[in-house]
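K.L.:
Quick one, work_24.tsv (TSV, C-alpha atoms):
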chain	number	residue	atom	x	y	z
A	753	MET	CA	-0.48	1.63	56.44
A	754	GLU	CA	1.24	0.39	53.27
A	755	TYR	CA	0.88	3.81	51.58
A	756	PRO	CA	2.33	7.20	52.60
A	757	LEU	CA	-0.22	9.13	54.60
A	758	ASP	CA	0.07	12.15	52.28
A	759	LEU	CA	-0.49	10.15	49.07
A	760	ALA	CA	-3.82	11.20	47.54
A	761	GLY	CA	-6.44	8.53	48.20
A	762	GLY	CA	-9.55	7.76	50.21
A	763	GLY	CA	-7.90	5.49	52.78
A	764	GLN	CA	-5.14	7.98	53.52
A	765	MET	CA	-7.55	10.92	53.73
A	766	SER	CA	-9.90	8.97	56.00
A	767	THR	CA	-7.02	8.09	58.32
A	768	GLN	CA	-5.85	11.71	58.47
A	769	THR	CA	-9.36	12.90	59.27
A	770	LEU	CA	-9.92	10.26	61.96
A	771	CYS	CA	-6.57	10.74	63.68
A	772	GLY	CA	-6.76	14.52	63.53
A	773	GLY	CA	-10.20	14.40	65.15
A	774	LEU	CA	-9.17	11.87	67.81
A	775	ALA	CA	-6.16	13.97	68.79
A	776	GLU	CA	-8.56	16.73	69.87
A	777	TYR	CA	-11.34	14.55	71.29
A	778	LYS	CA	-12.13	13.87	74.92
A	779	ALA	CA	-14.61	11.06	75.52
A	780	ASP	CA	-17.18	10.87	78.31
A	781	GLY	CA	-15.32	10.08	81.49
A	782	GLY	CA	-12.32	12.12	80.38
A	783	ARG	CA	-10.56	9.53	78.21
A	784	THR	CA	-8.25	11.11	75.63
A	785	PHE	CA	-6.60	9.52	72.61
A	786	GLU	CA	-3.07	9.74	71.23
A	787	PRO	CA	-3.11	8.48	67.62
A	788	VAL	CA	0.11	7.22	66.02
A	789	VAL	CA	0.22	6.41	62.29
A	790	ILE	CA	2.85	4.01	60.91
A	791	CYS	CA	3.35	4.47	57.16
A	792	PRO	CA	6.00	4.60	54.40
A	793	LYS	CA	8.11	7.76	54.03
A	794	LEU	CA	5.93	10.83	53.41
A	795	LEU	CA	6.01	12.25	49.89
A	796	THR	CA	5.66	16.01	50.34
A	797	LYS	CA	4.77	16.64	53.97
A	798	LYS	CA	6.76	16.26	57.16
A	799	ALA	CA	5.65	14.31	60.21
A	800	ALA	CA	5.54	17.58	62.13
A	801	ASP	CA	2.84	18.88	59.75
A	802	PHE	CA	0.26	16.61	61.41
A	803	SER	CA	-1.47	17.10	64.75
A	804	PHE	CA	-0.68	13.50	65.68
A	805	GLU	CA	2.46	11.36	65.61
A	806	VAL	CA	3.59	9.81	62.33
A	807	LEU	CA	6.27	7.12	62.29
A	808	GLU	CA	7.79	6.50	58.83
A	809	TYR	CA	9.56	3.51	57.31
A	810	ASP	CA	11.46	2.94	54.07
A	811	ALA	CA	9.47	1.20	51.31
A	812	LEU	CA	9.52	0.62	47.59
A	813	GLU	CA	6.70	1.85	45.33
A	814	ASN	CA	3.74	-0.20	46.58
A	815	ARG	CA	2.09	-0.42	43.15
A	816	GLU	CA	5.03	-2.41	41.74
A	817	ASP	CA	3.63	-5.37	39.77
A	818	LYS	CA	6.79	-7.49	39.66
A	819	LEU	CA	6.86	-10.36	42.13
A	820	VAL	CA	10.38	-9.93	43.54
A	821	PRO	CA	10.00	-6.20	44.44
A	822	ARG	CA	6.57	-6.91	45.93
A	823	LEU	CA	7.93	-9.70	48.10
A	824	LYS	CA	10.89	-7.55	49.12
A	825	ASN	CA	8.48	-4.78	50.09
A	826	PHE	CA	6.28	-7.20	52.02
A	827	PHE	CA	9.10	-8.64	54.13
A	828	SER	CA	10.58	-5.18	54.68
A	829	ARG	CA	7.17	-3.93	55.85
A	830	MET	CA	6.89	-6.84	58.28
A	831	GLY	CA	10.13	-5.79	59.95
A	832	SER	CA	9.16	-2.12	59.99
A	833	PHE	CA	5.72	-2.82	61.46
A	834	LYS	CA	7.19	-4.98	64.20
A	835	ARG	CA	9.89	-2.46	65.11
A	836	LEU	CA	7.68	0.64	65.04
A	837	ILE	CA	4.72	-0.91	66.84
A	838	LYS	CA	7.04	-1.85	69.69
A	839	GLU	CA	8.43	1.69	69.64
A	840	ALA	CA	4.95	3.21	69.84
A	841	ALA	CA	3.82	0.73	72.53
A	842	PRO	CA	0.10	1.17	71.74
A	843	ASP	CA	-2.85	0.12	73.88
A	844	LEU	CA	-4.80	-0.69	70.70
A	845	ILE	CA	-3.95	-1.24	67.04
A	846	HIS	CA	-6.32	-0.15	64.26
A	847	VAL	CA	-5.46	-1.62	60.87
A	848	SER	CA	-7.18	0.20	58.04
A	849	MET	CA	-5.81	-1.33	54.83
A	850	SER	CA	-6.18	-4.92	53.61
A	851	GLU	CA	-2.50	-5.46	52.74
A	852	SER	CA	-1.48	-4.07	56.11
A	853	LEU	CA	-3.84	-6.59	57.71
A	854	LEU	CA	-2.09	-9.48	55.94
A	855	THR	CA	1.31	-8.06	56.92
A	856	TYR	CA	0.23	-7.72	60.53
A	857	GLU	CA	-1.00	-11.32	60.60
A	858	PHE	CA	2.52	-12.58	59.85
A	859	ILE	CA	4.13	-10.64	62.71
A	860	ARG	CA	1.48	-11.41	65.34
A	861	ARG	CA	3.29	-14.63	66.15
A	862	ASP	CA	5.38	-12.36	68.37
A	863	ARG	CA	3.99	-12.80	71.91
A	864	GLU	CA	4.33	-9.09	72.74
A	865	LEU	CA	2.31	-8.04	69.67
A	866	ARG	CA	-0.26	-10.79	70.20
A	867	SER	CA	-1.18	-9.28	73.55
A	868	ILE	CA	-2.26	-5.96	71.97
A	869	PRO	CA	-5.96	-5.83	70.95
A	870	PHE	CA	-6.59	-4.86	67.35
A	871	VAL	CA	-9.50	-3.95	65.08
A	872	TYR	CA	-9.67	-3.71	61.29
A	873	THR	CA	-11.60	-1.35	58.99
A	874	ASP	CA	-12.55	-2.71	55.59
A	875	ARG	CA	-12.75	0.33	53.30
A	876	GLY	CA	-13.46	-1.76	50.21
A	877	LEU	CA	-16.24	-4.21	49.42
A	878	CYS	CA	-16.14	-7.88	50.30
A	879	TYR	CA	-16.84	-9.04	46.73
A	880	GLY	CA	-13.95	-6.92	45.46
A	881	TYR	CA	-11.36	-9.25	46.98
A	882	ARG	CA	-10.09	-12.44	45.37
A	883	ALA	CA	-11.05	-15.71	47.06
A	884	HIS	CA	-7.56	-16.41	48.42
A	885	THR	CA	-7.27	-12.84	49.76
A	886	LYS	CA	-10.57	-13.19	51.64
A	887	LEU	CA	-9.37	-16.50	53.06
A	888	PHE	CA	-6.19	-14.89	54.42
A	889	MET	CA	-8.15	-11.88	55.71
A	890	LYS	CA	-10.59	-14.09	57.62
A	891	ARG	CA	-7.69	-16.00	59.11
A	892	ALA	CA	-5.97	-12.77	60.18
A	893	LEU	CA	-9.19	-11.44	61.72
A	894	ARG	CA	-9.65	-14.44	64.01
A	895	GLY	CA	-7.35	-12.78	66.49
A	896	SER	CA	-9.02	-9.37	66.26
A	897	PHE	CA	-11.70	-7.65	68.30
A	898	GLY	CA	-13.76	-7.34	65.13
A	899	MET	CA	-14.20	-5.56	61.84
A	900	ILE	CA	-15.49	-2.09	61.00
A	901	CYS	CA	-17.39	-1.58	57.74
A	902	THR	CA	-18.35	1.81	56.35
A	903	THR	CA	-21.80	0.63	55.15
A	904	GLU	CA	-24.46	-1.88	56.16
A	905	PHE	CA	-24.18	-3.13	52.57
A	906	ASN	CA	-20.60	-4.30	53.06
A	907	LYS	CA	-21.41	-5.69	56.50
A	908	ARG	CA	-24.07	-7.94	54.95
A	909	LEU	CA	-21.61	-9.10	52.30
A	910	TRP	CA	-19.09	-10.09	54.95
A	911	GLU	CA	-21.71	-11.79	57.09
A	912	LYS	CA	-22.48	-14.12	54.18
A	913	GLU	CA	-18.82	-15.18	54.34
A	914	GLU	CA	-19.37	-16.21	57.98
A	915	PRO	CA	-16.09	-14.71	59.21
A	916	GLY	CA	-16.89	-15.59	62.83
A	917	LEU	CA	-16.34	-12.12	64.28
A	918	SER	CA	-18.26	-9.01	65.30
A	919	ILE	CA	-18.84	-6.39	62.59
A	920	THR	CA	-19.58	-2.76	63.44
A	921	VAL	CA	-20.76	-0.16	60.93
A	922	ILE	CA	-19.18	3.29	61.19
A	923	PRO	CA	-19.90	5.40	58.10
A	924	ASN	CA	-17.04	7.28	56.52
A	925	THR	CA	-16.77	11.04	56.86
A	926	ILE	CA	-15.13	13.93	55.00
A	927	SER	CA	-12.46	16.54	55.61
A	928	PRO	CA	-12.99	19.08	58.44
A	929	VAL	CA	-13.03	21.88	55.83
A	930	PHE	CA	-16.58	20.77	54.95
A	931	ALA	CA	-17.82	21.06	58.53
A	932	GLU	CA	-19.51	24.45	58.30
A	933	PHE	CA	-22.01	25.50	55.64
A	934	GLU	CA	-21.57	29.23	54.90
A	935	GLU	CA	-24.79	31.01	54.06
A	936	GLY	CA	-24.31	33.49	51.22
A	937	LYS	CA	-21.20	31.83	49.83
A	938	ARG	CA	-23.19	30.02	47.16
A	939	GLN	CA	-24.51	33.29	45.74
A	940	ASP	CA	-21.08	34.96	45.91
A	941	LEU	CA	-19.36	32.16	44.01
A	942	ARG	CA	-22.09	31.85	41.40
A	943	GLU	CA	-21.81	35.58	40.73
A	944	LYS	CA	-18.02	35.22	40.45
A	945	TYR	CA	-18.42	32.61	37.69
A	946	GLY	CA	-21.28	34.38	35.94
A	947	ILE	CA	-23.99	31.86	36.86
A	948	GLU	CA	-27.43	33.41	37.03
A	949	ASN	CA	-30.66	31.44	36.71
A	950	THR	CA	-29.05	28.33	35.24
A	951	LEU	CA	-29.06	24.80	36.61
A	952	VAL	CA	-25.49	23.67	37.32
A	953	ILE	CA	-24.67	19.98	36.97
A	954	GLY	CA	-21.53	18.92	38.82
A	955	PHE	CA	-19.08	16.06	38.24
A	956	ALA	CA	-15.96	15.57	40.38
A	957	GLY	CA	-13.37	12.91	41.09
A	958	ARG	CA	-10.01	11.44	40.23
A	959	ILE	CA	-9.17	9.68	37.00
A	960	SER	CA	-9.80	5.99	37.66
A	961	GLU	CA	-11.58	3.11	36.00
A	962	GLU	CA	-14.16	2.94	38.80
A	963	LYS	CA	-15.34	6.52	38.21
A	964	ASP	CA	-16.25	5.75	34.55
A	965	TRP	CA	-15.58	9.26	33.28
A	966	ASP	CA	-16.62	8.36	29.74
A	967	PHE	CA	-20.18	8.04	31.01
A	968	ALA	CA	-20.33	11.72	32.05
A	969	PRO	CA	-20.51	13.08	28.45
A	970	VAL	CA	-23.19	10.48	27.69
A	971	LEU	CA	-25.36	11.92	30.48
A	972	VAL	CA	-24.63	15.49	29.37
A	973	ARG	CA	-25.80	14.68	25.84
A	974	ALA	CA	-28.92	12.91	27.13
A	975	LEU	CA	-29.89	15.96	29.20
A	976	SER	CA	-29.27	18.32	26.31
A	977	GLU	CA	-31.36	16.23	23.92
A	978	ALA	CA	-34.18	16.24	26.50
A	979	GLY	CA	-34.27	20.03	26.38
A	980	VAL	CA	-32.81	20.69	29.83
A	981	GLY	CA	-30.97	23.99	30.10
A	982	PHE	CA	-27.80	23.70	32.21
A	983	GLN	CA	-24.11	24.37	32.71
A	984	VAL	CA	-21.47	21.87	33.83
A	985	ALA	CA	-19.00	22.40	36.69
A	986	LEU	CA	-16.29	19.76	36.37
A	987	VAL	CA	-13.42	18.89	38.75
A	988	ILE	CA	-10.86	16.21	37.92
A	989	SER	CA	-7.75	15.09	39.80
A	990	VAL	CA	-4.90	13.66	37.74
A	991	TYR	CA	-1.97	11.60	39.02
A	992	GLU	CA	-0.15	10.50	35.88
A	993	GLU	CA	0.85	11.98	32.53
A	994	LYS	CA	-1.57	9.72	30.66
A	995	ASP	CA	-4.47	11.13	32.72
A	996	LEU	CA	-4.14	14.47	30.93
A	997	ALA	CA	-5.20	12.97	27.60
A	998	ILE	CA	-8.27	11.46	29.27
A	999	VAL	CA	-9.17	14.85	30.74
A	1000	GLU	CA	-8.95	16.57	27.36
A	1001	ARG	CA	-11.13	13.90	25.77
A	1002	ILE	CA	-13.82	14.25	28.45
A	1003	LYS	CA	-13.81	18.04	28.25
A	1004	LYS	CA	-14.09	17.99	24.45
A	1005	ARG	CA	-17.00	15.56	24.48
A	1006	ILE	CA	-18.84	17.78	26.96
A	1007	THR	CA	-18.16	21.07	25.18
A	1008	ASP	CA	-19.15	19.52	21.83
A	1009	VAL	CA	-22.64	19.28	23.35
A	1010	ILE	CA	-23.02	22.41	25.51
A	1011	GLY	CA	-20.32	24.75	24.17
A	1012	GLN	CA	-17.09	25.94	25.76
A	1013	GLU	CA	-18.80	28.85	27.52
A	1014	LYS	CA	-21.02	26.52	29.56
A	1015	LEU	CA	-18.21	24.43	31.04
A	1016	ILE	CA	-16.50	25.53	34.27
A	1017	TYR	CA	-13.42	23.36	34.71
A	1018	PHE	CA	-11.06	22.90	37.68
A	1019	GLN	CA	-8.15	20.52	38.12
A	1020	ASP	CA	-6.27	19.16	41.16
A	1021	LEU	CA	-8.06	21.27	43.75
A	1022	SER	CA	-7.12	21.29	47.42
A	1023	GLN	CA	-9.72	20.14	49.93
A	1024	LYS	CA	-10.54	23.77	50.75
A	1025	GLU	CA	-10.95	24.63	47.08
A	1026	ILE	CA	-13.19	21.66	46.36
A	1027	ALA	CA	-15.29	22.49	49.41
A	1028	ASP	CA	-15.95	25.85	47.74
A	1029	TYR	CA	-16.56	24.23	44.34
A	1030	TYR	CA	-19.67	22.41	45.56
A	1031	TYR	CA	-21.37	25.75	46.32
A	1032	LEU	CA	-21.60	26.27	42.54
A	1033	VAL	CA	-23.51	23.02	42.01
A	1034	ASP	CA	-27.27	22.39	42.04
A	1035	VAL	CA	-27.25	18.71	41.08
A	1036	PHE	CA	-24.13	16.65	41.73
A	1037	VAL	CA	-23.92	13.53	39.55
A	1038	MET	CA	-21.90	10.40	40.23
A	1039	THR	CA	-21.18	8.08	37.29
A	1040	SER	CA	-19.29	5.38	39.20
A	1041	SER	CA	-19.32	1.75	38.16
A	1042	PHE	CA	-17.94	0.73	41.59
A	1043	GLU	CA	-17.94	2.48	44.95
A	1044	SER	CA	-17.37	1.04	48.41
A	1045	PHE	CA	-18.74	4.23	49.99
A	1046	GLY	CA	-18.75	7.42	47.89
A	1047	LYS	CA	-17.20	10.31	49.83
A	1048	ALA	CA	-17.82	12.77	46.98
A	1049	ALA	CA	-21.56	12.27	47.46
A	1050	VAL	CA	-21.23	13.23	51.13
A	1051	GLU	CA	-19.10	16.25	50.26
A	1052	ALA	CA	-21.83	17.43	47.90
A	1053	MET	CA	-24.52	16.85	50.54
A	1054	SER	CA	-22.61	19.05	53.00
A	1055	ARG	CA	-22.94	21.95	50.54
A	1056	LYS	CA	-26.69	21.45	49.99
A	1057	CYS	CA	-26.42	19.86	46.57
A	1058	SER	CA	-28.98	17.44	45.25
A	1059	VAL	CA	-27.20	14.13	44.53
A	1060	VAL	CA	-28.16	11.90	41.59
A	1061	SER	CA	-26.09	8.76	41.23
A	1062	THR	CA	-25.59	5.35	39.75
A	1063	SER	CA	-26.87	2.66	42.09
A	1064	VAL	CA	-23.66	0.75	42.80
A	1065	GLY	CA	-22.05	-0.78	45.88
A	1066	GLY	CA	-22.20	1.24	49.09
A	1067	LEU	CA	-23.09	4.39	47.17
A	1068	THR	CA	-26.73	3.27	46.97
A	1069	GLU	CA	-26.90	3.28	50.77
A	1070	VAL	CA	-25.12	6.62	51.11
A	1071	VAL	CA	-27.52	8.39	48.70
A	1072	GLY	CA	-30.50	6.61	50.22
A	1073	LYS	CA	-33.17	8.09	47.94
A	1074	GLU	CA	-34.65	5.77	45.31
A	1075	GLU	CA	-35.75	8.42	42.83
A	1076	ASN	CA	-32.21	9.84	42.72
A	1077	LEU	CA	-30.61	6.52	41.76
A	1078	PHE	CA	-30.25	5.06	38.27
A	1079	THR	CA	-28.33	2.38	36.38
A	1080	LYS	CA	-26.11	2.59	33.31
A	1081	GLU	CA	-28.91	0.93	31.36
A	1082	GLY	CA	-31.49	3.38	32.73
A	1083	VAL	CA	-30.28	6.76	31.48
A	1084	GLY	CA	-33.90	7.74	30.89
A	1085	ARG	CA	-34.51	7.53	34.64
A	1086	PHE	CA	-31.59	9.90	35.22
A	1087	VAL	CA	-32.90	12.37	32.64
A	1088	LYS	CA	-36.40	12.24	34.10
A	1089	ARG	CA	-35.19	13.06	37.62
A	1090	VAL	CA	-32.86	15.91	36.61
A	1091	LYS	CA	-35.56	17.35	34.34
A	1092	GLU	CA	-38.00	17.34	37.28
A	1093	LEU	CA	-35.47	19.17	39.42
A	1094	SER	CA	-34.70	21.70	36.68
A	1095	GLU	CA	-38.38	22.53	36.08
A	1096	ASP	CA	-39.54	22.65	39.71
A	1097	PRO	CA	-37.52	25.02	41.93
A	1098	GLU	CA	-39.47	23.93	45.00
A	1099	GLU	CA	-38.64	20.26	44.39
A	1100	LEU	CA	-34.97	21.14	43.87
A	1101	SER	CA	-34.95	23.11	47.11
A	1102	LYS	CA	-36.53	20.20	49.00
A	1103	ASP	CA	-34.05	17.75	47.50
A	1104	ARG	CA	-31.08	19.90	48.42
A	1105	GLU	CA	-32.33	20.27	51.99
A	1106	TYR	CA	-32.98	16.51	52.24
A	1107	PHE	CA	-29.38	15.71	51.37
A	1108	TYR	CA	-27.98	18.36	53.70
A	1109	GLN	CA	-29.95	16.90	56.60
A	1110	ARG	CA	-28.84	13.40	55.60
A	1111	TYR	CA	-25.25	14.56	55.89
A	1112	ARG	CA	-25.91	16.18	59.29
A	1113	GLU	CA	-27.61	13.08	60.66
A	1114	ASN	CA	-25.17	10.44	59.40
A	1115	TYR	CA	-21.82	11.60	58.10
A	1116	THR	CA	-20.42	14.50	60.12
A	1117	LEU	CA	-16.89	14.41	61.50
A	1118	GLU	CA	-18.24	14.68	65.05
A	1119	LYS	CA	-20.36	11.54	64.71
A	1120	HIS	CA	-17.48	9.71	63.01
A	1121	ILE	CA	-15.06	10.47	65.86
A	1122	GLU	CA	-17.60	9.72	68.59
A	1123	ARG	CA	-18.37	6.30	67.10
A	1124	HIS	CA	-14.70	5.36	66.87
A	1125	ALA	CA	-13.94	6.64	70.37
A	1126	ALA	CA	-16.86	4.64	71.78
A	1127	LEU	CA	-15.69	1.51	69.95
A	1128	TYR	CA	-12.09	1.88	71.16
A	1129	SER	CA	-13.31	2.39	74.73
A	1130	ARG	CA	-15.44	-0.77	74.58
A	1131	ILE	CA	-12.51	-2.79	73.26
A	1132	LEU	CA	-10.13	-1.47	75.92
A	1133	SER	CA	-12.65	-2.22	78.66
A	1134	GLY	CA	-13.14	-5.76	77.36
A	1135	THR	CA	-16.76	-5.16	76.33
A	1136	ASP	CA	-18.28	-6.78	73.23
A	1137	ILE	CA	-17.97	-4.16	70.46
A	1138	ASN	CA	-21.60	-4.65	69.40
A	1139	GLU	CA	-23.01	-3.78	72.82
As structure tokens, please, write out the structure in this file.

P.N.:
Amino acid sequence: MEYPLDLAGGGQMSTQTLCGGLAEYKADGGRTFEPVVICPKLLTKKAADFSFEVLEYDALENREDKLVPRLKNFFSRMGSFKRLIKEAAPDLIHVSMSESLLTYEFIRRDRELRSIPFVYTDRGLCYGYRAHTKLFMKRALRGSFGMICTTEFNKRLWEKEEPGLSITVIPNTISPVFAEFEEGKRQDLREKYGIENTLVIGFAGRISEEKDWDFAPVLVRALSEAGVGFQVALVISVYEEKDLAIVERIKKRITDVIGQEKLIYFQDLSQKEIADYYYLVDVFVMTSSFESFGKAAVEAMSRKCSVVSTSVGGLTEVVGKEENLFTKEGVGRFVKRVKELSEDPEELSKDREYFYQRYRENYTLEKHIERHAALYSRILSGTDINE
């Protein structure tokens, strides 16, 4: 990886979840797995904090925009990858970040590394890459055993590029803390925060351009003007000083509509805390303008929330229910659906159960680990990964 494993982010969290699950998994036939993650120096954790091996290397800040530091980082990473891969002596290499894939391509000229089978997971969307980046990625993937995509949507995008390799779909999953749904916890938490017979609309995510936080107050106002009675439960994660001003602006625009007393606000929650947060929510709303997958939607499903979302990228596939999808130009469709759910308790109950079952059938940690273990076993046995 080109980012520290403990840096907040979807790719890092997904890798932690996968490796932690693999470390405890025994496949049919008794095969076990020993995951090793190679990444830049950890920020706050120690390698010993993980249930699998973590090998660290020195790196500059990866988000550096200047050419010389970026090139220095790239060449340094090449050397670190080569040294640490040989130290780990793996049977299989799984590359899960696009820049790491390009780095790995440059060191695979080494005969010893070239003999190790590798697979790549694309956690983004094909159309999100620049043309020259896709060209280099396709070249790098010629020597792989294939690509993993988290949605059928992204698989179809890549197939149009004719990359000349097998593509397997393994949906993303969420942290193990979401694994069990606790009956009664919803009522306990709603009593704690003084929520009685009120519809709770939830918004959650980090500050980023893709999440389009300025659209959340627009939806709140539209619901209010339609006569829907509700409270808002809001969770935001901030990474930089400038994010705080954005948070205050969003909160003010929401409370200007519904009042301070109807906003429940949390910031920078741990995974355990956010798993509890979703119990407060009836209808979880996603305002994203771009999503390759949409893990927050799956987190909400695991806590029996109804999910209403913008129809963008892989998120459309994850939600999978037409009446719960809308566009930025179709706010009226959003209002209509939430109003239906607010006025019909039976419909809300059915919707919540639908999404919980969707999570159980498609996105659990167990299914995620089983699919990866099966894929690894097929690669190691020399079987086509699509069989």

K.L.:
Excluding region 1100-1106 of chain A and its own-chain neighbours fewer than 5 positions away, which residues fall within 12 Å of it when counting all atoms listed in the file? Please give them as a PyMOL selection string.

P.N.:
chain A and resi 951-952+1031+1033-1036+1052-1060+1071-1073+1075-1076+1089-1095+1111-1113

K.L.:
Rounded to one decimal in Å, what is the spacing between CA of Leu759 (chain A) and CA of Glu851 (chain A)?

P.N.:
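Interatomic distance, CA of Leu759 (chain A) to CA of Glu851 (chain A): 16.2 Å.
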
K.L.:
Please compute the CA of Lys963 (chain A)-CA of Val1037 (chain A) distance, one decimal, in Å.

P.N.:
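Spanning CA of Lys963 (chain A) to CA of Val1037 (chain A) is a straight-line distance of 11.2 Å.
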
K.L.:
Considering all atoms listed in the file, tabulate each residue of region 1056-1127 of chain A that lies at most 10 Å from region 761-778 of chain A along with its nearest interatomic pair and the corresponding distance in Å to one decimal; arrange the rows by chain and ascending residue number and present them as a Markdown table.

P.N.:
| residue | atom | partner | partner_atom | distance |
| --- | --- | --- | --- | --- |
| A:Leu1117 | CA | A:Gly773 | CA | 7.6 |
| A:Glu1118 | CA | A:Gly773 | CA | 8.0 |
| A:His1120 | CA | A:Leu770 | CA | 7.7 |
| A:Ile1121 | CA | A:Gly773 | CA | 6.3 |
| A:Glu1122 | CA | A:Tyr777 | CA | 8.4 |
| A:His1124 | CA | A:Leu770 | CA | 8.4 |
| A:Ala1125 | CA | A:Leu774 | CA | 7.5 |

K.L.:
Go ahead and write the residues just picked, C-alpha atoms, as a tab-separated table (two decimals), in the coordinates of the input.

P.N.:
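Final output, again_15.tsv:
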chain	number	residue	atom	x	y	z
A	1117	LEU	CA	-16.89	14.41	61.50
A	1118	GLU	CA	-18.24	14.68	65.05
A	1120	HIS	CA	-17.48	9.71	63.01
A	1121	ILE	CA	-15.06	10.47	65.86
A	1122	GLU	CA	-17.60	9.72	68.59
A	1124	HIS	CA	-14.70	5.36	66.87
A	1125	ALA	CA	-13.94	6.64	70.37

K.L.:
If we draw a sphere of 6 Å around (-18.5, 21.2, 37.7), which residues have at least one atom in it when counting all atoms listed in the file? Please report them as a list of chain:residue names.

P.N.:
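The distance filter leaves exactly A:Gly954, A:Phe955, A:Val984, A:Ala985, A:Leu986, A:Val987, A:Ile1016.
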
K.L.:
Of the residues A:Asn949, A:Ser1040, A:Gln939, A:Ser896, which is the one nearest to Asp966 (chain A), using all atoms listed in the file?

P.N.:
A:Ser1040

K.L.:
As lines of an AutoDock Vina configuration file, please report the centre and edge lengths, rounded to one decimal in Å, of the axis-aligned box that holds all listed atoms of region 964-976 of chain A with 3 Å of padding on each of the six sides.

P.N.:
center_x = -22.7
center_y = 12.0
center_z = 30.2
size_x = 20.3
size_y = 18.6
size_z = 14.7

K.L.:
Could you jot down the CA of Arg1005 (chain A) to CA of Tyr991 (chain A) separation for me, Å, one decimal place?

P.N.:
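Those two atoms sit 21.3 Å apart.
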
K.L.:
Looking at A:Ile959, A:Leu909, A:Val871, A:Leu854, which one is nearest to Ala892 (chain A), with distances taken over only C-alpha atoms?

P.N.:
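Of A:Ile959, A:Leu909, A:Val871, A:Leu854, the one nearest Ala892 (chain A) is A:Leu854, counting only C-alpha atoms.
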
K.L.:
Which residue gives the smallest distance to Phe897 (chain A) among A:Thr885, A:Ser867, A:Asn924, A:Thr950, with all atoms listed in the file counted?

P.N.:
A:Ser867

K.L.:
Point out the residue among A:Leu1077, A:Leu819, A:Leu877, A:Leu971 with the least atom-to-atom distance to Ile1010 (chain A), counting all atoms listed in the file.

P.N.:
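Looking only at the distances to Ile1010 (chain A), the closest residue turns out to be A:Leu971.
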